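Each remark here refers to the structure printed beneath this line.
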Amino acid sequence: MRSRRMLIAASLFLVCATMPTNRAHSQSPKSGQDDPPKKAVVNPKDIEDLKTALAELKTKAADDAKAAATKVDSALKTAKEAKDGLAASEKSAKEALTKAEAAEKAAKDGFAASEKSVKEALTKAEAAEKAATEAKAGGGDKMTALEKGSEEGKKAIEKAAADAGTALVTGKERGDSAWMLTSSAFVLLMVPGLALFYGGMVRRKNVLATMMQSMAALAVVGVYWLAVGYALAFGPSVIKLPDMMGVEGGGFVGFSWDLVFLKGVEATDKLPAYDIPVYVHVIFQGMFAIITPALISGAIAERIRFWPFCIFMLLWVTFVYCPLAHMVWAWDWFDPSVPPGKRGGAAIGFFGKLGALDFAGGTVVHIAAGMAGLACCLVLGKRHGYPKMIAHPNSMVLTVLGAGLLWFGWFGFNGGSSLNGSALAGSAFAATQAAAAAAGLAWMLIEWVHKGKPTGLGLASGIVAGLVAVTPASGFVYIGGAVCIGIAASVVCYLAVALKNVLGYDDSLDAFGVHGVGGFVGAILTGVFCSALVQSASTDGLLAYGDHRAKFETLKPTGKDADGKDIPSKVVKEAMDKAAAADEKAKAKEKELSPKIEELTKAKDEAEKKFADGTPGKREAEAKALADAKDALKKVESELVAAQDEAGVATGTVDKLNAELAALVALVDKQDAAQSGSMTQLMIQIKASVFSVVYAFVLSLGLCVLTQAITLGNFKASDKGESDGLDRTEHGEVGFDFSGATESVAVVSAEPRAASVPKGNGRFDLQVDGTEPSELMKVWTDLCQPTDGPIDPNFLAVYPYVTTVRGTTFRCRGGDQAEVAKRMSALLTKHLGKPVKAVKV
């Protein structure tokens with residue numbers, strides 16, 4: 001561009017240089033006139049300067065023109081390239097325009113869809129705004145409604161979190177309540193079980209009366225417990241014993257008007273410190289109160305009247321059972337002087353403050369019932385004909401079945417006493433099973449050695465003895481301790497039952513021998529076998545105390561190192577070294593086998609691929625190769641797993657020792673603070689058991705006398721009523737009717753029956769007085785043996801009518817009863833060598 005400008009400037013300069021002469025002529029002022037022109041005068045020097053300048057200008061112009069031509073060529077070339085680039089750009093622009101048009105169309109479509117969505121959203125927003133406005137309850141702007149909605153959402157979230165926590169608590173409450181309801185049903189089932197157990201051991205004429213004495217407790221005591229019994233047993237202490245045995249202010253009996261018919265308790269109220277409703281606790285404890293007086297009936301069965309026994313049950317529950325239950329199990333659950341949040345944390349009963357352990361009623365139920373049975377035996381006297389006349393059980397089937405039901409129900413009796421469905425319930429459950437099985441086996445073995453054969457009655461008695469003895473200990477002992485308690489109870493109770501004839505008291509169904517003695521043995525042995533590690537409420541007994549102390553000395557640190565850390569004991573150090581060595585071995589084994597495992601894994605994968613790619617039906621070789629590869633890999637992996645398992649076991653041993661040490665440290669600190677020793681708990685158990693024995697025996701003795709007085713001597717049945725059978729005389733029914741009659745038999749009249757009344761089925765019993773069963777059986781067995789000599793005519797006269805012989809009783813059928821009795825007396829007097837008499841009973 002610059003060159004072009006220079007060229008134009010040079011051209012203009014040349015034109016101007018030639019213009020002065022010619023133009024001067026043509027443009028003179030006088031041109032065309034007749035005046036002649038003037039002659040011009042030119043300076044030569046100026047001409048020379050002009051020529052020189054013109055030459056320089058031409059030279060410069062030529063150079064500039066040449067340079068300009070070069071630049072023009074370059075510009076033309078650039079222009080050509082630009083033109084080509086412009087053509088390419090134009091093509092790209094066209095393509096871009098096409099794409100832009102397509103994009104514009106898509107954008108339009110998208111915009112239309114977006115516009116539609118926006119419209120829908122706007123519609124929803126307007127509806128929401130309208131709803132918020134309406135929810136405003138009187139007006140207000142949208143912002144207020146939204147703020148309100150946000151607040152409600154926040155509250156909903158908080159409520160959901162609270163509901164989640166409540167659900168966890170509710171789940172535990174329902175689980176514990178379900179277990180306690182089930183346990184209550186188990187204990188209720190023990191009552192008909194007891195009725196069958198006792199009913200099978202009495203004579204047939206007393207089956208129904210004996211079962212009624214147990215079953216009636218469900219109704220009589222069941223109502224009384226709800227009315228006032230629970231208030232007396234678990235209400236705040238209203239009567240306290242004087243300070244004794246190191247106990248100050250120990251509660252003797254309680255009461256609360258709110259607990260009378262539970263009028264002050266809502267159905268949703270929970271027992272403090274537990275997750276069960278108060279109603280559930282009332283029903284569960286009520287089952288204990290029901291079955292306990294029913295146990296007493298076994299000691300005085302076959303000789304007591306029904307309605308006086310009902311009175312005795314009410315008196316006994318009031319003055320014996322409820323005070324004992326309060327002394328053992330009452331806590332500050334309903335004490336108004338204790339803040340609601342702190343209730344359930346302290347025992348208020350005398351035994352509770354003393355520290356006596358009775359998990360499910362060794363003292364409250366079994367010692368109390370057994371001692372009451374003994375007291376009633378002594379007051380009411382023996383059965384008619386005892387001990388000469390042996391009363392044989394009418395049905396061992398009923399007794400064994402009853403024992404089985406008692407065993408089943410006892411799981412609720414002991415397991416439910418945890419008052420929750422925790423591991424403690426499982427521990428008590430297991431201890432119950434162990435003791436019952438051990439006692440039943442021990443009783444059979446003792447009987448086998450002593451009498452030559454085991455009996456069904458012995459097995460049933462042994463099972464019940466074991467269940468009774470483990471009752472106070474079930475929540476405080478391990479299974480091994482439960483087995484020992486069961487065996488010990490079986491031995492002691494067997495001796496007690498065997499000695500009752502020697503001591504001369506008539507314990508009809510061994511209620512004292514099994515329940516009283518078994519309960520006492522179990523309560524004492526609880527102090528021997530209890531362990532503080534079973535549950536927090538327990539303590540160490542005689543055996544556990546020494547064992548735990550020795551274990552603590554073995555595991556406790558031997559001192560401190562320079563950094564103040566504990567130096568582990570030898571046992572712990574060895575376990576730690578073993579764990580470290582095992583861990584190193586496992587790591588080394590892993591490092592050694594990892595490449596091989598990787599190689600074998602790859603080989604297995606290749607074998608699997610070859611097997612998969614092979615032709616079905618023709619890949620036996622591939623299948624074998626795959627199996628071999630898997631076996632090889634498994635073998636190597638098993639070596640590594642074995643090493644890792646060994647390390648895990650060793651580490652687990654160390655963790656177990658550390659956990660055991662921590663538990664023992666807490667236990668030893670607690671024992672040292674309380675200044676307790678190995679005999680402490682045993683002495684407490686002895687004190688509580690002896691107190692229970694004396695209290696229950698003395699009070700029961702007085703209540704039995706009182707009942708006899710209140711009923712004008714009718715507590716004990718008359719001789720005739722006892723002879724005729726209590727089923728008919730007390731209830732006008734029979735337990736088993738084998739006569740073929742279609743209706744219940746009416747009460748036996750004291751008047752002679754008319755001749756038209758049939759004599760019955762011809763059965764009668766002859767009781768032989770003046771001899772012992774063993775002596776009588778030897779003579780009768782000899783008479784029944786074949787002989788070559790003459791047979792005694794009296795034997796021929798009575799033998800056809802004898803069906804069975806039990807003890808000193810001959811059961812006969814048919815014949816003249818007076819004649820058979822006369823001939824039997826003569827026969828036995830002759831062969832026994834002393835006067836005896838067979839009397840119809």
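Please note that chains go A, B, ... in the order of the structure tokens, that every chain numbers its residues from 1, and that ligands are numbered from 1 in the order shown.
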Contacts of Ser825 of chain A at 12 Å or less, counting only C-alpha atoms, minus same-chain residues fewer than 6 places along, as a VMD selection string? chain A and resid 766 to 771 776 794 to 795 797 to 798 810 818 to 819 831 to 840
Find the residues near Gly519 of chain A: any atom within 8 Å, counting only C-alpha atoms, skip ones fewer than 6 places away on the same chain, and give them as a VMD selection string. chain A and resid 362 to 363 366 to 367 468 to 469 471 to 472
Serialized selection, N, CA and C atoms, as a compact mmCIF listing (two decimals), in the first residue's frame:
# COMPACT_ATOMS: atom_id res chain seq x y z
N GLY A 362 -37.38 -71.20 97.36
CA GLY A 362 -36.99 -72.31 98.22
C GLY A 362 -37.49 -72.14 99.63
N THR A 363 -37.42 -70.90 100.13
CA THR A 363 -37.92 -70.63 101.48
C THR A 363 -39.39 -70.28 101.46
N HIS A 366 -41.32 -73.80 99.29
CA HIS A 366 -41.13 -75.21 99.64
C HIS A 366 -40.85 -75.44 101.12
N ILE A 367 -39.95 -74.65 101.71
CA ILE A 367 -39.76 -74.80 103.16
C ILE A 367 -41.05 -74.48 103.89
N VAL A 468 -37.48 -79.18 93.46
CA VAL A 468 -37.65 -78.40 94.69
C VAL A 468 -36.32 -77.82 95.14
N ALA A 469 -35.28 -78.64 95.17
CA ALA A 469 -34.00 -78.20 95.71
C ALA A 469 -33.33 -77.13 94.85
N THR A 471 -34.81 -74.88 93.09
CA THR A 471 -35.63 -73.67 92.99
C THR A 471 -34.94 -72.43 93.58
N PRO A 472 -34.42 -72.45 94.79
CA PRO A 472 -33.78 -71.23 95.30
C PRO A 472 -32.46 -70.92 94.62
Pick out each residue of segment 326-547 of chain A that DSSP on the backbone tags as helix (DSSP H, G or I); I need them as number ranges by chain. A: 326-329, 332-334, 340-342, 350-354, 362-380, 396-418, 423-451, 456-470, 479-503, 511-529, 542-547
Among listed residues A:Thr526, A:Thr601, A:Ser395, A:Thr166, nearest Met683 of chain A (using only C-alpha atoms):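 Checking each of A:Thr526, A:Thr601, A:Ser395, A:Thr166 against Met683 of chain A, counting only C-alpha atoms, the winner is A:Thr526.
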Tell me which protein, DNA and RNA residues are within 9 Å of Leu218 of chain A, counting only C-alpha atoms, leaving out same-chain ones fewer than 3 positions away, and put them as a VMD selection string. chain A and resid 188 191 214 to 215 221 to 223 287 290 to 291
